[in-house]
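Chemist: Pasting final.txt below, which is compact mmCIF, C-alpha atoms and all ligand atoms.
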```
# COMPACT_ATOMS: atom_id res chain seq x y z
CA MET F 1 -23.29 -3.14 32.07
CA ASP F 2 -21.18 -5.97 30.74
CA GLY F 3 -22.45 -5.29 27.26
CA ALA F 4 -21.50 -1.62 27.45
CA LEU F 5 -18.05 -2.56 28.67
CA SER F 6 -17.36 -4.98 25.85
CA LEU F 7 -18.65 -2.40 23.40
CA LEU F 8 -16.18 0.06 24.88
CA ARG F 9 -13.37 -2.49 24.51
CA LEU F 10 -14.38 -3.14 20.93
CA GLY F 11 -14.32 0.61 20.29
CA CYS F 12 -10.78 0.80 21.65
CA ARG F 13 -9.67 -2.07 19.46
CA LEU F 14 -11.21 -0.50 16.41
CA SER F 15 -9.64 2.89 16.97
CA ARG F 16 -6.31 1.17 17.58
CA LYS F 17 -6.68 -0.70 14.30
CA VAL F 18 -7.24 2.59 12.49
CA SER F 19 -4.05 3.99 14.00
CA LEU F 20 -2.04 0.99 12.72
CA MET F 21 -1.20 2.81 9.53
CA LYS F 22 2.07 2.46 7.74
CA THR F 23 3.55 4.48 4.94
CA MET F 24 5.28 3.33 1.79
CA THR F 25 6.42 5.77 -0.85
CA CYS F 26 6.05 5.48 -4.59
CA GLU F 27 9.81 4.99 -4.71
CA GLN F 28 9.73 2.06 -2.24
CA LEU F 29 7.18 0.41 -4.49
CA GLY F 30 9.33 0.72 -7.61
CA GLY F 31 8.15 4.15 -8.75
CA PRO F 32 10.15 7.31 -9.47
CA CYS F 33 8.82 9.78 -6.88
CA GLY F 34 8.54 10.10 -3.13
CA LEU F 35 4.75 10.35 -2.82
CA PRO F 36 3.70 8.55 0.39
CA HIS F 37 0.90 5.97 0.46
CA HIS F 38 -0.75 5.18 3.78
CA GLY F 39 -2.47 1.91 4.58
CA ASN F 40 -3.23 -0.78 7.11
CA THR F 41 -2.02 -3.57 4.85
CA ALA F 42 0.50 -4.04 2.06
CA ASP F 43 -2.40 -4.64 -0.32
CA GLU F 44 -3.79 -1.20 0.44
CA VAL F 45 -0.55 0.62 -0.35
CA ILE F 46 0.03 -1.51 -3.46
CA LYS F 47 -3.45 -0.61 -4.71
CA ALA F 48 -2.81 3.05 -3.89
CA GLN F 49 0.44 2.87 -5.84
CA ASP F 50 -1.33 1.26 -8.79
CA ARG F 51 -3.87 4.09 -8.76
CA HIS F 52 -1.15 6.72 -8.35
CA LEU F 53 0.82 5.37 -11.34
CA LYS F 54 -2.28 5.39 -13.55
CA GLU F 55 -3.18 8.93 -12.49
CA ALA F 56 0.36 10.21 -13.00
CA VAL F 57 0.62 8.69 -16.48
CA ALA F 58 -2.89 9.86 -17.40
CA GLY F 59 -1.79 13.34 -16.33
CA GLY F 60 1.11 13.20 -18.77
CA ASP F 61 3.90 12.22 -16.35
CA ALA F 62 6.39 10.23 -18.43
CA THR F 63 8.58 9.29 -15.45
CA HIS F 64 5.85 6.98 -14.12
CA GLN F 65 5.29 5.15 -17.40
CA VAL F 66 7.95 2.49 -16.82
CA ALA F 67 6.72 1.78 -13.29
CA LEU F 68 3.14 1.50 -14.57
CA LYS F 69 4.25 -0.92 -17.28
CA ASP F 70 6.07 -3.02 -14.66
CA MET F 71 3.00 -3.00 -12.42
CA ARG F 72 0.72 -4.06 -15.28
CA GLY F 73 3.17 -6.81 -16.20
CA ARG F 74 2.95 -8.11 -12.64
CA TRP F 75 -0.82 -8.43 -12.79
CA ARG F 76 -0.55 -10.17 -16.15
CA HIS F 77 2.13 -12.59 -14.99
CA PRO F 78 1.08 -13.44 -11.44
CA ILE F 79 3.78 -16.09 -10.99
CA SER F 80 6.76 -13.90 -11.85
CA GLY F 81 5.09 -10.89 -10.27
CA MET F 82 4.69 -12.82 -7.01
CA GLY F 83 8.33 -12.28 -6.02
CA TRP F 84 7.89 -8.51 -6.17
CA TYR F 85 4.58 -8.75 -4.33
CA ARG F 86 6.08 -10.87 -1.55
CA GLN F 87 8.98 -8.45 -1.21
CA ALA F 88 6.60 -5.48 -1.01
CA LYS F 89 4.66 -7.32 1.72
CA ARG F 90 7.88 -8.08 3.61
CA ASP F 91 9.03 -4.45 3.30
CA PHE F 92 5.65 -3.31 4.55
CA ALA F 93 5.70 -5.70 7.53
CA ALA F 94 9.17 -4.46 8.48
CA LEU F 95 8.08 -0.81 8.53
CA PRO F 96 7.42 0.99 11.78
CA GLU F 97 3.84 2.16 12.31
CA ASP F 98 3.12 5.81 11.59
ZN ZN F 101 5.11 8.46 -7.97
```
Take the structure I supplied and represent it as structure tokens, if you would.
Ligand SMILES: [Zn+2]

Modeler:
Amino acid sequence: MDGALSLLRLGCRLSRKVSLMKTMTCEQLGGPCGLPHHGNTADEVIKAQDRHLKEAVAGGDATHQVALKDMRGRWRHPISGMGWYRQAKRDFAALPED
């Protein structure tokens, strides 16, 4: 009985975790459009943005080229890119949940 109860509690926690999504747009992450990225963590939305930039540029979207170049520069220069990354994490933490 106890086991079933704690399983139930765990289930509640898990479903709550899933609902802890936040949204950051391409624009908030330094890009040119308003496409929203949803994630539980800043890392998730940053990865989604990275993917989005690559896809947009691969699809011939010139407006995303600069943002993609900036993003690539950040991965290549982790020290100078860290400021941007920290800011993105702070922005994400300050967002209300969806
Ligand atoms: Zn975009």

Chemist: Sorted by chain and rising residue number, list the residues of chain F at most 8 Å from ligand ZN 101 (chain F) (counting only C-alpha atoms and all ligand atoms), each with its closest atom pair and distance in Å to one decimal, as a tab-separated table.

Modeler:
```
residue	atom	partner	partner_atom	distance
F:Thr25	CA	F:ZN101	ZN	7.7
F:Cys26	CA	F:ZN101	ZN	4.6
F:Glu27	CA	F:ZN101	ZN	6.7
F:Gly31	CA	F:ZN101	ZN	5.3
F:Pro32	CA	F:ZN101	ZN	5.4
F:Cys33	CA	F:ZN101	ZN	4.1
F:Gly34	CA	F:ZN101	ZN	6.2
F:Leu35	CA	F:ZN101	ZN	5.5
F:Gln49	CA	F:ZN101	ZN	7.6
F:His52	CA	F:ZN101	ZN	6.5
F:Leu53	CA	F:ZN101	ZN	6.3
F:Ala56	CA	F:ZN101	ZN	7.1
F:His64	CA	F:ZN101	ZN	6.4
```

Chemist: Keeping C-alpha atoms for every residue in the selection just given, could you write it to a file as a compact mmCIF listing (two decimals), keeping the file's coordinate frame?

Modeler:
```
# COMPACT_ATOMS: atom_id res chain seq x y z
CA THR F 25 6.42 5.77 -0.85
CA CYS F 26 6.05 5.48 -4.59
CA GLU F 27 9.81 4.99 -4.71
CA GLY F 31 8.15 4.15 -8.75
CA PRO F 32 10.15 7.31 -9.47
CA CYS F 33 8.82 9.78 -6.88
CA GLY F 34 8.54 10.10 -3.13
CA LEU F 35 4.75 10.35 -2.82
CA GLN F 49 0.44 2.87 -5.84
CA HIS F 52 -1.15 6.72 -8.35
CA LEU F 53 0.82 5.37 -11.34
CA ALA F 56 0.36 10.21 -13.00
CA HIS F 64 5.85 6.98 -14.12
```

Chemist: One number please: CA of His77 (chain F) to CA of Val57 (chain F), in Å, one decimal.

Modeler: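 Separation between CA of His77 (chain F) and CA of Val57 (chain F): 21.4 Å.
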
Chemist: Please indicate the distance in Å from CA of Lys89 (chain F) to CA of Thr41 (chain F), rounded to one decimal place.

Modeler: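 Taking CA of Lys89 (chain F) as the start and CA of Thr41 (chain F) as the end point, the length is 8.3 Å.
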
Chemist: With only C-alpha atoms as the basis for distance, which of F:Gly30, F:His38, F:Ala94, F:Met21 is at the shortest distance from Arg74 (chain F)?

Modeler: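 Checking each of F:Gly30, F:His38, F:Ala94, F:Met21 against Arg74 (chain F), counting only C-alpha atoms, the winner is F:Gly30.
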
Chemist: Rounded to one decimal place, report the CA of Arg90 (chain F)-CA of Gly73 (chain F) distance in Å.

Modeler: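 Going from CA of Arg90 (chain F) over to CA of Gly73 (chain F) covers 20.4 Å.
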
Chemist: Near Arg51 (chain F), counting all atoms listed in the file, which residues have an atom at most 12 Å away, once you skip same-chain residues fewer than 3 positions from it, shown as a list in words?

Modeler: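 In the requested format, the answer is Cys26, His37, Glu44, Val45, Ile46, Lys47, Ala48, Lys54, Glu55, Ala56, Val57, Ala58, His64, Ala67, Leu68, Met71 and Arg72 of chain F.
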
Chemist: Rank F:Ala42, F:Ala88, F:Leu29, F:Ala93 by their smallest atom-to-atom distance to Asp70 (chain F), using only C-alpha atoms, and report the top residue only.

Modeler: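 Using only C-alpha atoms, the shortest distance to Asp70 (chain F) belongs to F:Leu29.
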